[in-house]
$ cat coords.txt   # compact mmCIF, C-alpha atoms and all ligand atoms
# COMPACT_ATOMS: atom_id res chain seq x y z
CA MET A 8 51.32 15.83 28.54
CA ALA A 9 50.69 17.33 31.96
CA ASN A 10 47.10 17.47 33.12
CA ASP A 11 45.79 20.39 35.13
CA ILE A 12 43.03 20.04 37.70
CA ALA A 13 39.89 22.14 38.16
CA VAL A 14 38.07 22.06 41.49
CA VAL A 15 35.08 23.83 43.01
CA ALA A 16 35.37 25.81 46.21
CA ALA A 17 31.76 25.95 47.37
CA ASP A 18 32.35 28.28 50.33
CA ASP A 19 33.97 30.93 48.17
CA ASP A 20 31.68 30.51 45.14
CA ASP A 21 34.59 30.02 42.81
CA VAL A 22 36.36 27.50 40.63
CA ARG A 23 40.08 26.95 41.09
CA VAL A 24 42.33 25.66 38.36
CA LEU A 25 45.48 24.02 39.69
CA THR A 26 48.26 23.99 37.12
CA ASN A 27 50.51 20.95 36.80
CA ASP A 28 54.16 21.96 36.70
CA GLY A 29 54.95 18.92 34.56
CA SER A 30 56.23 16.69 37.35
CA GLY A 31 52.87 15.96 38.96
CA GLN A 32 53.14 18.82 41.44
CA PHE A 33 50.25 21.26 41.51
CA PHE A 34 50.20 24.85 42.46
CA GLY A 35 47.20 27.12 42.92
CA GLY A 36 48.45 30.42 41.62
CA ASP A 37 45.89 33.06 40.79
CA ALA A 38 43.62 30.85 38.77
CA ASN A 39 40.39 31.42 40.69
CA TYR A 40 37.24 32.17 38.73
CA ASP A 41 34.06 33.57 40.26
CA VAL A 42 30.93 31.51 39.66
CA SER A 43 27.36 31.64 40.97
CA LYS A 44 26.29 30.55 44.45
CA SER A 45 27.32 27.16 45.85
CA PRO A 46 29.19 25.35 43.07
CA VAL A 47 28.94 21.61 43.80
CA ASP A 48 30.26 19.72 40.79
CA LEU A 49 32.10 20.37 37.54
CA ILE A 50 33.33 18.65 34.43
CA THR A 51 35.73 19.67 31.69
CA VAL A 52 34.57 19.28 28.12
CA ASP A 53 35.07 21.20 24.87
CA MET A 54 31.73 22.98 24.59
CA ASP A 55 32.52 25.36 21.72
CA GLY A 56 34.52 22.99 19.53
CA ASP A 57 37.76 24.99 19.53
CA GLY A 58 39.80 22.00 20.71
CA ARG A 59 40.30 23.40 24.22
CA LEU A 60 38.60 21.97 27.30
CA ASP A 61 36.10 24.32 28.91
CA ILE A 62 34.71 24.13 32.45
CA VAL A 63 31.05 23.38 33.09
CA VAL A 64 30.05 23.91 36.72
CA VAL A 65 26.81 23.30 38.61
CA CYS A 66 25.89 26.15 40.99
CA ALA A 67 23.31 24.57 43.29
CA GLY A 68 22.48 27.74 45.18
CA ALA A 69 21.60 29.63 42.03
CA ASP A 70 19.91 26.79 40.07
CA GLU A 71 22.38 27.45 37.29
CA ILE A 72 24.92 25.75 35.11
CA GLY A 73 27.93 27.89 34.35
CA VAL A 74 30.18 27.56 31.32
CA LEU A 75 33.71 29.00 31.50
CA SER A 76 35.30 28.85 28.07
CA ALA A 77 39.03 28.28 27.73
CA ASN A 78 40.49 31.52 26.37
CA GLY A 79 43.48 30.01 24.58
CA GLN A 80 46.02 31.61 26.91
CA GLY A 81 45.68 28.96 29.60
CA GLY A 82 42.88 30.76 31.38
CA PHE A 83 39.11 30.92 31.17
CA ASP A 84 36.53 33.54 30.29
CA SER A 85 33.98 34.70 32.87
CA MET A 86 31.16 32.32 33.65
CA VAL A 87 28.11 32.40 31.41
CA ALA A 88 25.04 31.21 33.33
CA TYR A 89 22.27 28.94 32.08
CA PRO A 90 19.26 28.30 34.35
CA THR A 91 18.36 24.70 35.17
CA GLY A 92 14.94 25.59 36.58
CA ASP A 93 14.16 25.18 40.26
CA GLY A 94 15.26 22.05 41.98
CA ALA A 95 18.77 22.14 43.45
CA PRO A 96 20.93 20.87 40.58
CA GLU A 97 23.83 18.70 41.67
CA GLY A 98 25.76 16.08 39.67
CA LEU A 99 26.33 16.50 35.93
CA ASP A 100 27.84 14.71 32.97
CA THR A 101 28.20 15.26 29.25
CA ALA A 102 27.40 13.40 26.05
CA ASP A 103 26.16 14.28 22.58
CA PHE A 104 22.51 13.42 23.16
CA ASP A 105 21.18 14.69 19.84
CA GLY A 106 24.08 13.50 17.68
CA ASP A 107 24.90 16.90 16.18
CA GLY A 108 28.58 16.68 17.16
CA TRP A 109 28.27 19.24 19.96
CA ALA A 110 28.65 18.27 23.63
CA ASP A 111 25.41 18.46 25.62
CA ILE A 112 24.91 18.42 29.40
CA VAL A 113 22.80 16.30 31.74
CA VAL A 114 22.28 17.43 35.34
CA VAL A 115 20.22 16.05 38.23
CA SER A 116 17.66 18.12 40.11
CA ARG A 117 17.79 16.92 43.66
CA ALA A 118 14.57 18.58 44.78
CA GLU A 119 12.50 17.67 41.74
CA ALA A 120 13.39 14.00 41.10
CA HIS A 121 14.39 14.48 37.53
CA VAL A 122 17.39 14.87 35.30
CA SER A 123 17.57 17.75 32.85
CA VAL A 124 19.20 17.66 29.44
CA LEU A 125 20.53 20.98 28.16
CA LEU A 126 21.46 20.73 24.50
CA ASN A 127 24.41 22.63 23.09
CA ASP A 128 23.22 25.54 20.96
CA GLY A 129 25.98 24.94 18.41
CA ALA A 130 28.11 27.80 19.71
CA GLY A 131 29.14 26.44 23.12
CA GLY A 132 26.07 27.71 24.95
CA LEU A 133 23.17 25.71 26.31
CA GLU A 134 19.51 25.67 25.37
CA SER A 135 16.77 25.56 27.99
CA PRO A 136 16.44 22.30 29.93
CA THR A 137 14.18 19.36 29.15
CA ASN A 138 13.32 17.24 32.18
CA PHE A 139 13.04 13.46 32.52
CA ALA A 140 11.77 11.78 35.70
CA VAL A 141 14.05 9.55 37.80
CA GLY A 142 13.96 8.36 41.45
CA ILE A 143 13.79 10.30 44.71
CA LYS A 144 16.32 13.08 45.35
CA PRO A 145 18.88 12.22 42.68
CA ARG A 146 22.40 13.49 43.36
CA GLY A 147 24.68 11.81 40.84
CA VAL A 148 24.42 11.12 37.13
CA ALA A 149 26.48 9.49 34.40
CA ALA A 150 26.07 9.24 30.64
CA ALA A 151 27.18 6.21 28.62
CA ASP A 152 25.81 3.93 25.92
CA PHE A 153 24.36 1.10 28.01
CA ASP A 154 22.42 -0.69 25.29
CA ALA A 155 25.14 -0.25 22.67
CA ASP A 156 22.84 1.29 20.08
CA GLY A 157 25.20 4.21 19.49
CA ASN A 158 23.07 6.73 21.40
CA PRO A 159 24.21 7.92 24.85
CA ASP A 160 22.00 6.89 27.78
CA VAL A 161 21.81 8.18 31.35
CA ILE A 162 21.86 6.68 34.84
CA SER A 163 20.99 8.64 37.96
CA ALA A 164 21.95 7.92 41.58
CA ASP A 165 18.64 8.46 43.41
CA HIS A 166 19.98 9.28 46.85
CA ASP A 167 16.85 9.05 49.00
CA GLY A 168 15.23 6.38 46.86
CA GLY A 169 18.11 3.92 47.15
CA THR A 170 17.90 3.31 43.43
CA VAL A 171 19.72 3.88 40.19
CA THR A 172 17.46 4.77 37.28
CA LEU A 173 18.40 3.96 33.68
CA LEU A 174 17.05 6.20 30.93
CA LEU A 175 17.76 5.26 27.32
CA GLY A 176 18.61 7.93 24.79
CA GLY A 177 16.75 8.09 21.51
CA GLY A 178 19.50 9.96 19.69
CA SER A 179 17.60 13.20 19.19
CA GLY A 180 18.00 14.60 22.71
CA GLY A 181 15.18 12.70 24.41
CA LEU A 182 15.46 10.06 27.14
CA GLU A 183 13.05 7.24 27.95
CA PHE A 184 12.69 5.38 31.24
CA ALA A 185 14.05 1.83 30.96
CA GLN A 186 14.73 0.31 34.38
CA THR A 187 15.19 0.96 38.09
CA PHE A 188 17.87 -0.87 40.09
CA ALA A 189 17.69 -1.16 43.90
CA VAL A 190 21.28 -0.54 44.98
CA GLY A 191 21.21 0.09 48.74
CA LEU A 192 21.13 3.09 51.02
CA ASN A 193 21.78 6.54 49.65
CA PRO A 194 23.62 6.23 46.35
CA ARG A 195 25.31 9.57 45.87
CA HIS A 196 27.69 9.24 42.94
CA VAL A 197 27.53 6.91 39.99
CA ILE A 198 29.99 6.11 37.24
CA ALA A 199 29.66 4.07 34.07
CA ALA A 200 32.46 1.74 32.96
CA ASP A 201 32.96 -1.74 31.55
CA LEU A 202 34.03 -3.29 34.84
CA ASP A 203 34.22 -6.94 33.77
CA GLY A 204 35.67 -6.52 30.28
CA ASP A 205 32.75 -8.01 28.35
CA LEU A 206 32.43 -4.78 26.30
CA ALA A 207 29.00 -4.05 27.81
CA MET A 208 28.71 -0.97 30.00
CA ASP A 209 28.29 -1.53 33.75
CA PHE A 210 27.91 0.97 36.59
CA ALA A 211 29.23 1.49 40.09
CA CYS A 212 27.75 3.79 42.71
CA ALA A 213 29.03 5.19 45.98
CA LEU A 214 26.59 4.42 48.81
CA HIS A 215 26.78 7.37 51.11
CA LEU A 216 25.46 5.97 54.42
CA GLU A 217 26.64 2.39 53.90
CA GLN A 218 30.15 3.66 53.14
CA ALA A 219 30.29 1.10 50.37
CA ILE A 220 30.45 0.80 46.61
CA GLY A 221 27.66 -0.94 44.74
CA ILE A 222 28.41 -2.53 41.38
CA VAL A 223 25.85 -3.66 38.84
CA LEU A 224 27.14 -5.66 35.87
CA SER A 225 25.22 -5.60 32.65
CA ASN A 226 23.78 -8.81 31.33
CA PRO A 227 24.10 -8.51 27.58
CA CA B 1 36.58 24.95 24.14
CA CA B 2 24.68 17.73 20.88
CA CA B 3 22.14 3.76 24.06
CA CA B 4 30.66 -5.11 31.36
$ encode --input "coords.txt" --output "structure tokens" --more "lines below"
Ligand SMILES: [Ca+2]
Ligand SMILES: [Ca+2]
Ligand SMILES: [Ca+2]
Ligand SMILES: [Ca+2]
Amino acid sequence: MANDIAVVAADDDDVRVLTNDGSGQFFGGDANYDVSKSPVDLITVDMDGDGRLDIVVVCAGADEIGVLSANGQGGFDSMVAYPTGDGAPEGLDTADFDGDGWADIVVVSRAEAHVSVLLNDGAGGLESPTNFAVGIKPRGVAAADFDADGNPDVISADHDGGTVTLLLGGGSGGLEFAQTFAVGLNPRHVIAADLDGDLAMDFACALHLEQAIGIVLSNP
């Protein structure tokens, strides 16, 4: 199966979908979709449960998350906006935080030092955000089950704090502070993966000013 690619074009306030021609070549075509001001990050996830991947984009300049639903003809519907509150939203990720089978969204607020969880309303839309404190000026976030209790948890890359904060999920949409890791200067992106094959989730972060990758292995 050929994978397409969706990218943000922050200067033009749009999302571009590059279609794979089946041989790994991509072409742009006309697949540009208007979004709100300054899109900075996006993910693809099936928000409305129709089996097709939708686009969820963070528009930092508008303090909004936008959902563009796949229309079933290879394109996407117009963006539907959901406010994140003030605070310069940036990185986002998805998991089912309340265990209802619908994909939810977590997004960092760079100006407010928190992450916000926006639960799926059961129809592909998002409910209003609930905020959970993390470190200083977070820019990246990832969701994964770090303590292997079956509930998704969250880590944030706290850019100006030089830390990664771990919040554990309770399974009903809430998150609780668990631990702060000092990782070095200016972590900007963070990913969760089992990097050493011991079946426990680890994380790696990109350190912006050090031009390095930091890796923290779990200690189950
Ligand atoms: Ca969908
Ligand atoms: Ca959910
Ligand atoms: Ca967990
Ligand atoms: Ca591991």
$ residues_near_point --input "coords.txt" --point "(27.0, 19.5, 38.4)" --cutoff "12 Å" --atoms "only C-alpha atoms" --output "JSON list (two decimals) with C-alpha atoms, in the coordinates of the input"
[["chain", "number", "residue", "atom", "x", "y", "z"],
["A", 14, "VAL", "CA", 38.07, 22.06, 41.49],
["A", 15, "VAL", "CA", 35.08, 23.83, 43.01],
["A", 45, "SER", "CA", 27.32, 27.16, 45.85],
["A", 46, "PRO", "CA", 29.19, 25.35, 43.07],
["A", 47, "VAL", "CA", 28.94, 21.61, 43.80],
["A", 48, "ASP", "CA", 30.26, 19.72, 40.79],
["A", 49, "LEU", "CA", 32.10, 20.37, 37.54],
["A", 50, "ILE", "CA", 33.33, 18.65, 34.43],
["A", 51, "THR", "CA", 35.73, 19.67, 31.69],
["A", 62, "ILE", "CA", 34.71, 24.13, 32.45],
["A", 63, "VAL", "CA", 31.05, 23.38, 33.09],
["A", 64, "VAL", "CA", 30.05, 23.91, 36.72],
["A", 65, "VAL", "CA", 26.81, 23.30, 38.61],
["A", 66, "CYS", "CA", 25.89, 26.15, 40.99],
["A", 67, "ALA", "CA", 23.31, 24.57, 43.29],
["A", 68, "GLY", "CA", 22.48, 27.74, 45.18],
["A", 70, "ASP", "CA", 19.91, 26.79, 40.07],
["A", 71, "GLU", "CA", 22.38, 27.45, 37.29],
["A", 72, "ILE", "CA", 24.92, 25.75, 35.11],
["A", 73, "GLY", "CA", 27.93, 27.89, 34.35],
["A", 74, "VAL", "CA", 30.18, 27.56, 31.32],
["A", 91, "THR", "CA", 18.36, 24.70, 35.17],
["A", 95, "ALA", "CA", 18.77, 22.14, 43.45],
["A", 96, "PRO", "CA", 20.93, 20.87, 40.58],
["A", 97, "GLU", "CA", 23.83, 18.70, 41.67],
["A", 98, "GLY", "CA", 25.76, 16.08, 39.67],
["A", 99, "LEU", "CA", 26.33, 16.50, 35.93],
["A", 100, "ASP", "CA", 27.84, 14.71, 32.97],
["A", 101, "THR", "CA", 28.20, 15.26, 29.25],
["A", 112, "ILE", "CA", 24.91, 18.42, 29.40],
["A", 113, "VAL", "CA", 22.80, 16.30, 31.74],
["A", 114, "VAL", "CA", 22.28, 17.43, 35.34],
["A", 115, "VAL", "CA", 20.22, 16.05, 38.23],
["A", 116, "SER", "CA", 17.66, 18.12, 40.11],
["A", 117, "ARG", "CA", 17.79, 16.92, 43.66],
["A", 122, "VAL", "CA", 17.39, 14.87, 35.30],
["A", 123, "SER", "CA", 17.57, 17.75, 32.85],
["A", 145, "PRO", "CA", 18.88, 12.22, 42.68],
["A", 146, "ARG", "CA", 22.40, 13.49, 43.36],
["A", 147, "GLY", "CA", 24.68, 11.81, 40.84],
["A", 148, "VAL", "CA", 24.42, 11.12, 37.13],
["A", 149, "ALA", "CA", 26.48, 9.49, 34.40],
["A", 196, "HIS", "CA", 27.69, 9.24, 42.94]]
$ residues_near_ligand --input "coords.txt" --ligand "ligand CA 2 (chain B)" --cutoff "6 Å" --atoms "all atoms listed in the file" --output "list in words"
Asp103, Phe104, Asp105, Gly106, Asp107, Gly108, Trp109, Ala110, Asp111, Leu126 and Asn127 of chain A
$ residues_around --input "coords.txt" --residues "Phe33 in chain A" --least-positions-apart "5" --cutoff "12 Å" --atoms "only C-alpha atoms" --output "ChimeraX atom specification"
/A:9-13,23-28,38
$ residues_around --input "coords.txt" --residues "Asp61 in chain A" --least-positions-apart "4" --cutoff "7 Å" --atoms "only C-alpha atoms" --output "PyMOL selection string"
chain A and resi 51-54+75-77
$ closest_atom_pairs --input "coords.txt" --of "chain A" --to "ligand CA 3 (chain B)" --cutoff "12 Å" --atoms "only C-alpha atoms and all ligand atoms" --output "CSV"
residue,atom,partner,partner_atom,distance
A:Ala102,CA,B:CA3,CA,11.2
A:Asp103,CA,B:CA3,CA,11.4
A:Phe104,CA,B:CA3,CA,9.7
A:Asp105,CA,B:CA3,CA,11.8
A:Gly106,CA,B:CA3,CA,11.8
A:Ala150,CA,B:CA3,CA,9.4
A:Ala151,CA,B:CA3,CA,7.2
A:Asp152,CA,B:CA3,CA,4.1
A:Phe153,CA,B:CA3,CA,5.3
A:Asp154,CA,B:CA3,CA,4.6
A:Ala155,CA,B:CA3,CA,5.2
A:Asp156,CA,B:CA3,CA,4.7
A:Gly157,CA,B:CA3,CA,5.5
A:Asn158,CA,B:CA3,CA,4.1
A:Pro159,CA,B:CA3,CA,4.7
A:Asp160,CA,B:CA3,CA,4.9
A:Val161,CA,B:CA3,CA,8.5
A:Ile162,CA,B:CA3,CA,11.2
A:Leu173,CA,B:CA3,CA,10.3
A:Leu174,CA,B:CA3,CA,8.9
A:Leu175,CA,B:CA3,CA,5.7
A:Gly176,CA,B:CA3,CA,5.5
A:Gly177,CA,B:CA3,CA,7.4
A:Gly178,CA,B:CA3,CA,8.0
A:Ser179,CA,B:CA3,CA,11.6
A:Gly180,CA,B:CA3,CA,11.7
A:Gly181,CA,B:CA3,CA,11.3
A:Leu182,CA,B:CA3,CA,9.7
A:Glu183,CA,B:CA3,CA,10.5
A:Phe184,CA,B:CA3,CA,12.0
A:Ala185,CA,B:CA3,CA,10.8
A:Ala207,CA,B:CA3,CA,11.1
A:Met208,CA,B:CA3,CA,10.0
